[in-house]
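Colleague: Please see the structure below; I have some questions.
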Amino acid sequence: MTPVEALYFDGRTGRSLPVTIRLYDSGDIVVAGDELVHRCTVGEVVVSSRVGDTPRWIEFADGARCETDDNDAIDRFLGRCGRGPRSRTGPRIVHLLESRWQLALSATVLTAACAWAFVAYAVPALADVAARRVPAAADARLGSTGLEILDSSFLEPSRLREKRQRRLSALFSSLAARVDDEHELRVELRHGGPLGANALALPDGTIIVTDGLVRLAQGHDELAAVIAHELGHVVHRHALRSVIQGSAVALIVTMIVGDVGSAASLAGAIPVFLVNAKYSRAFEIEADEYALTFMRQHDLPPAAFASLLRKLAAIAGAERKIDGYVSSHPPTSERIALFEAAR
């Protein structure tokens with residue numbers, strides 16, 4: 001028999017009563033105090049699992065409890081009586097991890113690896129599914145709101161001559177007509193200001209091309225290459241996918257209910273993303289591959305994009321900054337090599 005000092009709680013009031021618990025090898029339990037005697041067997045109680053040296057609970061069928069900090073005595077009793085208690089699995093695992101640092105370290109590493117894998121693989125995959133569930137009507141609202149914010153914050157009306165603007169619009173229309181996509185594709189010419197020579201694709205199919213990029217390009221082939229790359233971003237819904245990836249709440253809501261209102265609430269984030277952030281390496285590669293395929297199919301020289309990238313890289317180097325197309329992944333040299341090697 002092993003005596004264990006404990007506090008008894010009747011389960012109805014907050015009053016505690018000092019008691020002695022007598023634990024018998026047969027599995028019998030006797031709780032004795034000044035005001036009570038309680039008898040039962042180990043099979044009739046729930047013993048909380050050990051968590052370090054925190055107090056243990058013995059719960060009785062009538063809702064009463066005994067609390068003791070003599071964990072070793074409880075463990076010896078459970079081992080001797082030959083009958084395991086009805087205990088909680090969660091705390092038992094916690095105690096196992098706490099008592100064995102190797103397991104705790106392994107669990108920490110595994111948790112970190114799972115979290116990284118979820119962010120690196122699961123979230124982008126779910127964002128792709130969620131973005132494709134957002135209807136074109138929601139994309140239209142995202143694009144129009146995003147363009148309004150960009151116009152009020154960064155962009156100005158184009159300063160190109162009307163004749164040149166008409167030629168560029170005609171070029172875009174001829175390219176857009178060859179794209180199989182549900183969006184209403186259109187081009188918007190703007191003076192880029194702080195954005196310099198740049199092009200941006202909004203979720204609704206609007207492609208913004210700055211005056212600086214138009215002036216930098218030599219001939220329609222180089223502009224067509226840029227437009228083809230931006231069309232790749234539109235077709236694969238990269239802007240919306242990127243913003244959704246940054247908002248776990250929006251991702252979950254859109255995945256479960258396809259809520260257009262929640263998706264439309266991301267409109268304010270679109271300009272911030274396009275100006276301050278860059279597409280992931282995977283998105284840039286996907287857009288480049290789309291542009292390369294598009295140019296091959298429509299007899300446009302892939303080397304034209306490589307030529308424009310070289311000019312953009314030269315400007316960035318001269319100004320000691322990385323901006324626009326030459327700031328994204330993969331490295332500009334790899335992108336140039338891809339299009340120069342293409343036939």
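Ligands are numbered from 1 in the order shown, chains are lettered A, B, ... in the order of the structure tokens, and residues start at 1 in each chain.
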Would you kindly return, as a list in words, each protein, DNA or RNA residue with an atom no farther than 12 Å from any atom of Leu36 (chain A), considering only C-alpha atoms and excluding same-chain residues fewer than 2 positions away?

Modeller: Tyr8, Phe9, Asp10, Leu17, Pro18, Val19, Thr20, Ile21, Val30, Val31, Ala32, Gly33, Asp34, His38 and Arg39 of chain A

Colleague: Can you list, as a VMD selection string, every residue of region 35-218 of chain A that DSSP puts in alpha helix (DSSP H)?

Modeller: chain A and resid 71 to 81 89 to 99 101 to 117 123 to 133 136 to 153 162 to 176 211 to 216

Colleague: Save out the residues we just selected, C-alpha atoms, as a PDB file, in the first residue's frame.

Modeller:
```pdb
ATOM      1  CA  ASN A  71       3.780  11.994  -9.537  1.00  0.00           C
ATOM      2  CA  ASP A  72       6.300   9.257  -8.806  1.00  0.00           C
ATOM      3  CA  ALA A  73       3.946   7.496  -6.384  1.00  0.00           C
ATOM      4  CA  ILE A  74       1.128   7.609  -8.944  1.00  0.00           C
ATOM      5  CA  ASP A  75       3.407   6.204 -11.637  1.00  0.00           C
ATOM      6  CA  ARG A  76       4.589   3.369  -9.397  1.00  0.00           C
ATOM      7  CA  PHE A  77       1.018   2.525  -8.433  1.00  0.00           C
ATOM      8  CA  LEU A  78      -0.150   2.411 -12.041  1.00  0.00           C
ATOM      9  CA  GLY A  79       2.779   0.198 -12.913  1.00  0.00           C
ATOM     10  CA  ARG A  80       2.213  -2.237 -10.031  1.00  0.00           C
ATOM     11  CA  CYS A  81      -1.535  -2.633 -10.178  1.00  0.00           C
ATOM     12  CA  THR A  89      -3.424  10.908 -24.652  1.00  0.00           C
ATOM     13  CA  GLY A  90      -2.495  14.542 -25.362  1.00  0.00           C
ATOM     14  CA  PRO A  91      -0.755  15.280 -22.034  1.00  0.00           C
ATOM     15  CA  ARG A  92       0.956  11.897 -22.174  1.00  0.00           C
ATOM     16  CA  ILE A  93       2.562  12.871 -25.463  1.00  0.00           C
ATOM     17  CA  VAL A  94       3.541  16.256 -24.022  1.00  0.00           C
ATOM     18  CA  HIS A  95       5.238  14.560 -21.089  1.00  0.00           C
ATOM     19  CA  LEU A  96       7.030  12.160 -23.414  1.00  0.00           C
ATOM     20  CA  LEU A  97       8.356  15.055 -25.484  1.00  0.00           C
ATOM     21  CA  GLU A  98       9.289  17.028 -22.384  1.00  0.00           C
ATOM     22  CA  SER A  99      11.205  14.179 -20.813  1.00  0.00           C
ATOM     23  CA  TRP A 101      14.807  16.349 -25.571  1.00  0.00           C
ATOM     24  CA  GLN A 102      15.726  14.438 -28.702  1.00  0.00           C
ATOM     25  CA  LEU A 103      12.054  13.818 -29.432  1.00  0.00           C
ATOM     26  CA  ALA A 104      11.215  17.440 -28.649  1.00  0.00           C
ATOM     27  CA  LEU A 105      13.925  18.654 -31.020  1.00  0.00           C
ATOM     28  CA  SER A 106      12.755  16.271 -33.725  1.00  0.00           C
ATOM     29  CA  ALA A 107       9.166  17.427 -33.278  1.00  0.00           C
ATOM     30  CA  THR A 108      10.252  21.063 -33.544  1.00  0.00           C
ATOM     31  CA  VAL A 109      12.201  20.414 -36.725  1.00  0.00           C
ATOM     32  CA  LEU A 110       9.309  18.422 -38.192  1.00  0.00           C
ATOM     33  CA  THR A 111       6.849  21.193 -37.345  1.00  0.00           C
ATOM     34  CA  ALA A 112       9.083  23.808 -38.971  1.00  0.00           C
ATOM     35  CA  ALA A 113       9.508  21.627 -42.066  1.00  0.00           C
ATOM     36  CA  CYS A 114       5.760  21.078 -42.358  1.00  0.00           C
ATOM     37  CA  ALA A 115       5.106  24.804 -41.979  1.00  0.00           C
ATOM     38  CA  TRP A 116       7.685  25.598 -44.662  1.00  0.00           C
ATOM     39  CA  ALA A 117       6.241  22.963 -47.008  1.00  0.00           C
ATOM     40  CA  VAL A 123      -0.496  27.806 -50.246  1.00  0.00           C
ATOM     41  CA  PRO A 124       0.530  28.530 -53.891  1.00  0.00           C
ATOM     42  CA  ALA A 125      -1.417  25.497 -55.089  1.00  0.00           C
ATOM     43  CA  LEU A 126      -4.513  26.496 -53.139  1.00  0.00           C
ATOM     44  CA  ALA A 127      -4.134  30.101 -54.301  1.00  0.00           C
ATOM     45  CA  ASP A 128      -4.120  28.873 -57.891  1.00  0.00           C
ATOM     46  CA  VAL A 129      -7.358  26.955 -57.338  1.00  0.00           C
ATOM     47  CA  ALA A 130      -8.939  29.890 -55.490  1.00  0.00           C
ATOM     48  CA  ALA A 131      -7.945  32.402 -58.178  1.00  0.00           C
ATOM     49  CA  ARG A 132      -9.471  30.259 -60.909  1.00  0.00           C
ATOM     50  CA  ARG A 133     -12.735  30.131 -58.939  1.00  0.00           C
ATOM     51  CA  ALA A 136     -14.300  37.403 -64.423  1.00  0.00           C
ATOM     52  CA  ALA A 137     -16.710  39.955 -62.909  1.00  0.00           C
ATOM     53  CA  ALA A 138     -14.623  40.071 -59.746  1.00  0.00           C
ATOM     54  CA  ASP A 139     -11.442  40.416 -61.800  1.00  0.00           C
ATOM     55  CA  ALA A 140     -13.007  43.408 -63.552  1.00  0.00           C
ATOM     56  CA  ARG A 141     -13.591  45.162 -60.242  1.00  0.00           C
ATOM     57  CA  LEU A 142     -10.085  44.352 -59.074  1.00  0.00           C
ATOM     58  CA  GLY A 143      -8.575  45.731 -62.250  1.00  0.00           C
ATOM     59  CA  SER A 144     -10.608  48.943 -62.427  1.00  0.00           C
ATOM     60  CA  THR A 145     -10.038  49.767 -58.763  1.00  0.00           C
ATOM     61  CA  GLY A 146      -6.354  48.941 -59.056  1.00  0.00           C
ATOM     62  CA  LEU A 147      -5.975  51.183 -62.112  1.00  0.00           C
ATOM     63  CA  GLU A 148      -7.699  54.067 -60.322  1.00  0.00           C
ATOM     64  CA  ILE A 149      -5.320  53.796 -57.385  1.00  0.00           C
ATOM     65  CA  LEU A 150      -2.275  53.559 -59.653  1.00  0.00           C
ATOM     66  CA  ASP A 151      -3.416  56.613 -61.614  1.00  0.00           C
ATOM     67  CA  SER A 152      -3.916  58.628 -58.452  1.00  0.00           C
ATOM     68  CA  SER A 153      -0.618  57.559 -56.873  1.00  0.00           C
ATOM     69  CA  GLU A 162      -1.707  60.571 -80.535  1.00  0.00           C
ATOM     70  CA  LYS A 163      -0.529  58.892 -83.732  1.00  0.00           C
ATOM     71  CA  ARG A 164       1.946  56.723 -81.860  1.00  0.00           C
ATOM     72  CA  GLN A 165      -0.660  55.839 -79.234  1.00  0.00           C
ATOM     73  CA  ARG A 166      -3.041  54.692 -81.967  1.00  0.00           C
ATOM     74  CA  ARG A 167      -0.336  52.512 -83.547  1.00  0.00           C
ATOM     75  CA  LEU A 168       0.446  50.906 -80.204  1.00  0.00           C
ATOM     76  CA  SER A 169      -3.227  50.272 -79.494  1.00  0.00           C
ATOM     77  CA  ALA A 170      -3.572  48.633 -82.903  1.00  0.00           C
ATOM     78  CA  LEU A 171      -0.523  46.450 -82.179  1.00  0.00           C
ATOM     79  CA  PHE A 172      -1.992  45.344 -78.880  1.00  0.00           C
ATOM     80  CA  SER A 173      -5.382  44.583 -80.415  1.00  0.00           C
ATOM     81  CA  SER A 174      -3.776  42.392 -83.067  1.00  0.00           C
ATOM     82  CA  LEU A 175      -1.901  40.443 -80.387  1.00  0.00           C
ATOM     83  CA  ALA A 176      -4.830  40.186 -77.981  1.00  0.00           C
ATOM     84  CA  ASP A 211       6.045  55.895 -72.102  1.00  0.00           C
ATOM     85  CA  GLY A 212       9.562  55.109 -70.984  1.00  0.00           C
ATOM     86  CA  LEU A 213       9.285  51.500 -72.125  1.00  0.00           C
ATOM     87  CA  VAL A 214       7.789  52.553 -75.470  1.00  0.00           C
ATOM     88  CA  ARG A 215      10.658  54.972 -76.101  1.00  0.00           C
ATOM     89  CA  LEU A 216      13.242  52.374 -75.091  1.00  0.00           C
TER      90      LEU A 216
END
```

Colleague: Skip Arg296 (chain A) itself and residues of its chain fewer than 6 positions away, then list as an mmCIF file with C-alpha atoms, in the first residue's frame all residues within 12 Å of it, counting only C-alpha atoms.

Modeller:
```
data_model
loop_
_atom_site.group_PDB
_atom_site.id
_atom_site.type_symbol
_atom_site.label_atom_id
_atom_site.label_comp_id
_atom_site.auth_asym_id
_atom_site.auth_seq_id
_atom_site.Cartn_x
_atom_site.Cartn_y
_atom_site.Cartn_z
ATOM 1 C CA ALA A 225 7.528 40.675 -76.758
ATOM 2 C CA ALA A 228 3.298 38.724 -74.792
ATOM 3 C CA GLU A 289 7.551 30.525 -71.311
ATOM 4 C CA TYR A 290 4.129 31.778 -72.385
ATOM 5 C CA PRO A 302 12.230 35.801 -79.565
ATOM 6 C CA ALA A 303 15.530 37.678 -79.746
ATOM 7 C CA ALA A 304 13.523 40.918 -79.632
ATOM 8 C CA PHE A 339 15.208 34.123 -75.697
ATOM 9 C CA ALA A 342 15.175 30.318 -79.098
ATOM 10 C CA ARG A 343 14.446 29.926 -82.757
#
```

Colleague: Using only C-alpha atoms, which of the listed residues (A:Glu44, A:Glu286, A:Asp69, A:Asp62) sits closest to His238 (chain A)?

Modeller: A:Glu286

Colleague: If we count only C-alpha atoms, what is near Gly196 (chain A) at a cut-off of 10 Å, once residues fewer than 3 positions away on the same chain are taken out, given as a ChimeraX atom specification?

Modeller: /A:191-193,199,210-213,323-324

Colleague: Report the distance between CA of Val209 (chain A) and CA of Ala341 (chain A) in Å, rounded to one decimal place.

Modeller: 26.2 Å

Colleague: Can you tell me, as an MDAnalysis selection string, what residues are no more than 12 Å from Gly232 (chain A) when counting only C-alpha atoms, ignoring any on the same chain fewer than 5 positions away?

Modeller: chainID A and resid 176 179:181 185 200:203 205 207 225:227 237:239 283:295

Colleague: When you look at Ser307 (chain A) with a cut-off of 12 Å (counting only C-alpha atoms), what residues show up, excluding the ones that are within fewer than 2 positions of it in the same chain? I need them as JSON, numbers by chain.

Modeller: {"A": [216, 217, 218, 219, 221, 222, 223, 225, 226, 301, 302, 303, 304, 305, 309, 310, 311, 312, 313, 314, 332, 333, 335, 336, 337, 338, 339, 340]}

Colleague: Would you mind reading off the distance between CA of Gly27 (chain A) and CA of Val51 (chain A), one decimal, in Å?

Modeller: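 Computing it gives 22.5 Å between the two atoms.
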